[in-house]
Every structure is written in structure tokens, then in C-alpha cells.
Amino acid sequence: MRGKFSIISNVQRFLAGVIDVEARGAAESCLMVVDGKPGLGKTRTMEWWAAQNGAVYLTASPGWKDRVCYMLRELLQAADPTIKPSRTEEKLVQQLRETLLFRNKAQRAQGSVFGVVIDEAEVVVREKRLVETLRIKLSDELEIPFVLVGMDGLRSDMAHTTPQGVSRVSRFIEFTPLTLEDAQQLVRDLCEVAVKDELVAYLHKATKGYIREIYNSLSRIEGYGKKNPGPVGLKEMRGQVLFSDRAGKEVVVYGN
Ligand SMILES: Nc1ncnc2c1ncn2[C@@H]1O[C@H](COP(=O)(O)OP(=O)(O)OP(=O)(O)O)[C@@H](O)[C@H]1O
Ligand SMILES: [Mg+2]
């Protein structure tokens, strides 16, 4: 399998959302929320985007709950591991502002959109103090996009925790199952053997468009294709396992 990152429609919608945040209205915040079911490619997309733009990417820790200073310290470490974090919340916010502004300036000078991505952000959106600290004291104050990423329901959790905050969020992006066109593109980008359209369509349906399962299936298809001549279709894969579903059951190609 090629290690390529594929610009499928979820990715395109996210990139368009970032552009919208840049052009946001005065009443809108710099905060973005990205959610969707597990295995739709959220983490990989955020890591790719952060690497492309020199943005900060970190995963929230359950230990942040009720501890704003923990969150700020980990953010500072992700933004600049050489800085020794201060002890008080106020000073940590100050250190973060300086660090993020410095990095923002450097990235913008290169034409990138700087930002901070917090993955698995459920703990953040469920605690008003955490989400408000990020939004009011950092993101909006510095005009730097902060992207909160998590499982489906992140948006409604946030609406529950901070109804005023949620109405100011600039963009909500929901990662949805891949379309057939997305699946076709992914196969072209990643798979090192030729795959017939009929098998891609079967795969798309059997996986319900979940990229994690499509990815796992492709490595099996590729394994077959490398040992056998010609493009791989349903007939060739008949009786073979494509992937294991979320209940652990193996999904086998029956062919036609
Ligand atoms: N655009 C892409 N191009 C290539 N591979 C991708 C892409 N998006 C996701 N993948 C692959 O699909 C798999 C699942 O993606 P990922 O872990 O990012 O999903 P997720 O939505 O973050 O899931 P979870 O909610 O469980 O954290 C990974 O193996 C990842 O490398
Ligand atoms: Mg993830």
C-alpha cells in the first residue's frame, strides 16, 4: 500500500471550513468543531493538515477534566517543548499567547494557515471552563483557529455545556461515510495493484463507507493482486476475507 494521503470529500469540506474561518464575520469565533463516527479518517486528516501547515496537533487527556492548568501545560509543551511551563493559570495563558503568536507569524509568512488541533476533545467540550478558556483567552483573543475534534455528538455536547459559545463557533464539519467516488479515489491513490470497479463498489457497500475498513480490505486485496496476474475483481476475491466488522465477524466476498 502506498503511504499517500488521499484528498477525499471529508478532507475537502474541512479545508473549505478553514477558509471560511479566515473569512468569518465579526460575531463568529475562530473555533471549529469536527466530529464523526470512529474510523472515518478524522485523526489522519488532522495530522496531515497540521504537518502541512506547521500547526499544533495534540490529543486531549482525560486528566484535563477540572484542571485547566493541565490542559494549558500540555498545550504549551506541544507548541514549544523547550519552554518551562509556569505554575499559575494566568502565566501559562501568557506563555501560550506569546508562543502561539510567534508560531502563527512564522507560518503565515510562509503562506500557511496556522492553527491548533485538539483531537479526542470530548473532555474539553464537556467542561465549560476548558472550552471557554480555549475560545475566549486563546483562539478569539489571538485570532488563531482552534479545531476541536471528536466522536459524533461533540457538537451537541458542546451545545449543552456552553450554549452561547456554540452559537459563536465558526464552522462545524461532520465527517461522513465515504462516497463511492471517494472509495474509487482512495483505491487509485493507495492500492499498488489494479482493482476492478465491481470490487470497489462491493467494498464500498460492505464497509458502509468507513475508511478504516476500506483501508484494511485494500491491504488484503493488494496481497492477492501481488501474487496473481491481472486486475483483482469479485471473481478473484470470491471466498476471501475482506475485513473483520466491528463485532469481530469476518466479511467474506461471495462473488457473483
Ligand atoms: N485521507 C486519507 N488517506 C489515506 N488514508 C486515510 C485517510 N483518512 C484515513 N485514513 C486511514 O484510515 C484509517 C482510519 O482513520 P482515523 O484513525 O484517522 O479515523 P478516526 O475518524 O480518527 O477514528 P476514531 O474516531 O476511532 O479516532 C487509518 O488507518 C488512516 O490512516
Ligand atoms: Mg481518531
# chains A, B, ... in the order shown; residues from 1 in each chain; ligands from 1

call {"tool": "residues_near_ligand", "arguments": {"ligand": "ligand 1", "cutoff": "7 Å", "atoms": "only C-alpha atoms and all ligand atoms", "output": "ChimeraX atom specification"}}
result
/A:4-8,11,36-45,150-151,186,211-212,215

call {"tool": "select_by_dssp", "arguments": {"residues": "stretch 134-244 of chain A", "states": "strand (DSSP E)", "output": "PyMOL selection string"}}
result
chain A and resi 146-150+171-174+241-244

call {"tool": "write_last_selection", "arguments": {"atoms": "N, CA, C and O atoms", "output": "PDB file, in the first residue's frame"}}
result
ATOM      1  N   PHE A 146      -8.738  27.293  16.401  1.00  0.00           N
ATOM      2  CA  PHE A 146      -8.600  26.101  17.237  1.00  0.00           C
ATOM      3  C   PHE A 146      -9.625  25.099  16.713  1.00  0.00           C
ATOM      4  O   PHE A 146     -10.788  25.455  16.513  1.00  0.00           O
ATOM      5  N   VAL A 147      -9.186  23.877  16.481  1.00  0.00           N
ATOM      6  CA  VAL A 147     -10.077  22.855  15.925  1.00  0.00           C
ATOM      7  C   VAL A 147     -10.283  21.768  16.969  1.00  0.00           C
ATOM      8  O   VAL A 147      -9.330  21.106  17.378  1.00  0.00           O
ATOM      9  N   LEU A 148     -11.518  21.617  17.429  1.00  0.00           N
ATOM     10  CA  LEU A 148     -11.827  20.565  18.405  1.00  0.00           C
ATOM     11  C   LEU A 148     -12.386  19.376  17.640  1.00  0.00           C
ATOM     12  O   LEU A 148     -13.343  19.508  16.869  1.00  0.00           O
ATOM     13  N   VAL A 149     -11.770  18.203  17.823  1.00  0.00           N
ATOM     14  CA  VAL A 149     -12.111  17.026  17.021  1.00  0.00           C
ATOM     15  C   VAL A 149     -12.552  15.893  17.936  1.00  0.00           C
ATOM     16  O   VAL A 149     -11.935  15.667  18.983  1.00  0.00           O
ATOM     17  N   GLY A 150     -13.604  15.182  17.537  1.00  0.00           N
ATOM     18  CA  GLY A 150     -14.010  14.049  18.371  1.00  0.00           C
ATOM     19  C   GLY A 150     -15.129  13.248  17.741  1.00  0.00           C
ATOM     20  O   GLY A 150     -15.492  13.449  16.577  1.00  0.00           O
ATOM     21  N   ARG A 171     -17.293  27.109  12.338  1.00  0.00           N
ATOM     22  CA  ARG A 171     -17.636  26.027  11.417  1.00  0.00           C
ATOM     23  C   ARG A 171     -17.753  24.698  12.133  1.00  0.00           C
ATOM     24  O   ARG A 171     -16.889  24.330  12.915  1.00  0.00           O
ATOM     25  N   PHE A 172     -18.831  23.983  11.820  1.00  0.00           N
ATOM     26  CA  PHE A 172     -18.987  22.600  12.252  1.00  0.00           C
ATOM     27  C   PHE A 172     -18.793  21.732  11.025  1.00  0.00           C
ATOM     28  O   PHE A 172     -19.462  21.952  10.007  1.00  0.00           O
ATOM     29  N   ILE A 173     -17.920  20.782  11.102  1.00  0.00           N
ATOM     30  CA  ILE A 173     -17.710  19.876   9.972  1.00  0.00           C
ATOM     31  C   ILE A 173     -17.994  18.465  10.471  1.00  0.00           C
ATOM     32  O   ILE A 173     -17.370  18.016  11.445  1.00  0.00           O
ATOM     33  N   GLU A 174     -18.893  17.789   9.800  1.00  0.00           N
ATOM     34  CA  GLU A 174     -19.152  16.399  10.182  1.00  0.00           C
ATOM     35  C   GLU A 174     -18.489  15.476   9.161  1.00  0.00           C
ATOM     36  O   GLU A 174     -18.717  15.602   7.957  1.00  0.00           O
ATOM     37  N   VAL A 241     -11.528 -13.312   2.820  1.00  0.00           N
ATOM     38  CA  VAL A 241     -11.914 -12.327   3.847  1.00  0.00           C
ATOM     39  C   VAL A 241     -11.478 -10.935   3.395  1.00  0.00           C
ATOM     40  O   VAL A 241     -10.351 -10.744   2.951  1.00  0.00           O
ATOM     41  N   LEU A 242     -12.413  -9.976   3.501  1.00  0.00           N
ATOM     42  CA  LEU A 242     -12.056  -8.590   3.190  1.00  0.00           C
ATOM     43  C   LEU A 242     -11.592  -7.860   4.443  1.00  0.00           C
ATOM     44  O   LEU A 242     -10.561  -7.209   4.474  1.00  0.00           O
ATOM     45  N   PHE A 243     -12.408  -7.945   5.506  1.00  0.00           N
ATOM     46  CA  PHE A 243     -12.078  -7.263   6.769  1.00  0.00           C
ATOM     47  C   PHE A 243     -12.923  -7.902   7.867  1.00  0.00           C
ATOM     48  O   PHE A 243     -13.826  -8.689   7.578  1.00  0.00           O
ATOM     49  N   SER A 244     -12.607  -7.545   9.114  1.00  0.00           N
ATOM     50  CA  SER A 244     -13.452  -8.003  10.220  1.00  0.00           C
ATOM     51  C   SER A 244     -14.345  -6.842  10.627  1.00  0.00           C
ATOM     52  O   SER A 244     -13.846  -5.714  10.797  1.00  0.00           O
TER      53      SER A 244
END

call {"tool": "closest_residue", "arguments": {"among": "A:Leu142, A:Gly63, A:Ala201, A:Thr179", "to": "A:Glu98", "atoms": "only C-alpha atoms"}}
result
A:Leu142

call {"tool": "residues_around", "arguments": {"residues": "A:Leu154", "least_positions_apart": "5", "cutoff": "10 Å", "atoms": "only C-alpha atoms", "output": "number ranges by chain"}}
result
A: 33-36, 120-126, 148-149, 159-160, 172, 174

call {"tool": "residues_around", "arguments": {"residues": "A:Asp66", "least_positions_apart": "4", "cutoff": "8 Å", "atoms": "only C-alpha atoms", "output": "JSON list (two decimals) with all heavy atoms, in the first residue's frame"}}
result
[["chain", "number", "residue", "atom", "x", "y", "z"],
["A", 127, "GLU", "N", -16.56, 20.34, 29.59],
["A", 127, "GLU", "CA", -16.23, 21.20, 30.73],
["A", 127, "GLU", "C", -16.21, 22.65, 30.27],
["A", 127, "GLU", "O", -15.34, 23.05, 29.50],
["A", 127, "GLU", "CB", -14.83, 20.84, 31.29],
["A", 127, "GLU", "CG", -14.75, 19.48, 31.94],
["A", 127, "GLU", "CD", -15.54, 19.40, 33.24],
["A", 127, "GLU", "OE1", -15.67, 20.43, 33.95],
["A", 127, "GLU", "OE2", -16.06, 18.30, 33.52],
["A", 129, "ARG", "N", -15.30, 25.37, 31.66],
["A", 129, "ARG", "CA", -14.06, 26.12, 31.93],
["A", 129, "ARG", "C", -12.99, 25.84, 30.88],
["A", 129, "ARG", "O", -12.25, 26.72, 30.47],
["A", 129, "ARG", "CB", -13.50, 25.73, 33.32],
["A", 129, "ARG", "CG", -14.21, 26.43, 34.44],
["A", 129, "ARG", "CD", -13.34, 27.50, 35.10],
["A", 129, "ARG", "NE", -12.16, 26.96, 35.77],
["A", 129, "ARG", "CZ", -11.00, 27.60, 35.84],
["A", 129, "ARG", "NH1", -10.84, 28.76, 35.24],
["A", 129, "ARG", "NH2", -10.00, 27.06, 36.49],
["A", 130, "LEU", "N", -12.90, 24.58, 30.45],
["A", 130, "LEU", "CA", -11.88, 24.22, 29.45],
["A", 130, "LEU", "C", -12.20, 24.86, 28.10],
["A", 130, "LEU", "O", -11.35, 25.52, 27.50],
["A", 130, "LEU", "CB", -11.77, 22.70, 29.30],
["A", 130, "LEU", "CG", -11.34, 21.87, 30.51],
["A", 130, "LEU", "CD1", -11.25, 20.39, 30.13],
["A", 130, "LEU", "CD2", -10.00, 22.32, 31.05]]

call {"tool": "residues_around", "arguments": {"residues": "stretch 25-32 of chain A", "least_positions_apart": "6", "cutoff": "12 Å", "atoms": "only C-alpha atoms", "output": "MDAnalysis selection string"}}
result
chainID A and resid 14:19 114:119 121 125 131:150 154:155 158 164:174

call {"tool": "atom_distance", "arguments": {"atom1": "atom CA of A:Lys128", "atom2": "atom CA of A:Thr162"}}
result
6.1 Å

call {"tool": "closest_residue", "arguments": {"among": "A:Gly153, A:Glu47, A:Lys226, A:Glu90", "to": "ligand 2", "atoms": "only C-alpha atoms and all ligand atoms"}}
result
A:Glu47

call {"tool": "select_by_dssp", "arguments": {"residues": "stretch 6-254 of chain A", "states": "alpha helix (DSSP H)", "output": "PyMOL selection string"}}
result
chain A and resi 9-22+42-53+68-79+89-109+122-125+128-132+141-142+154-161+163-168+180-190+197-206+211-227+234-237

call {"tool": "closest_residue", "arguments": {"among": "A:Asn10, A:Gln95, A:Gln77, A:Gln52", "to": "A:Gln110", "atoms": "only C-alpha atoms"}}
result
A:Gln52

call {"tool": "residues_around", "arguments": {"residues": "A:Ile221", "least_positions_apart": "5", "cutoff": "12 Å", "atoms": "only C-alpha atoms", "output": "ChimeraX atom specification"}}
result
/A:1,187,190-196,199-200,203,214-216,226-228,231-234,236-238,240-243,252-253

call {"tool": "atom_distance", "arguments": {"atom1": "atom CA of A:Arg13", "atom2": "atom CA of A:Asp182"}}
result
12.8 Å

call {"tool": "closest_residue", "arguments": {"among": "A:Gly239, A:Ala206, A:Asp152, A:Asp80", "to": "ligand 2", "atoms": "only C-alpha atoms and all ligand atoms"}}
result
A:Asp152
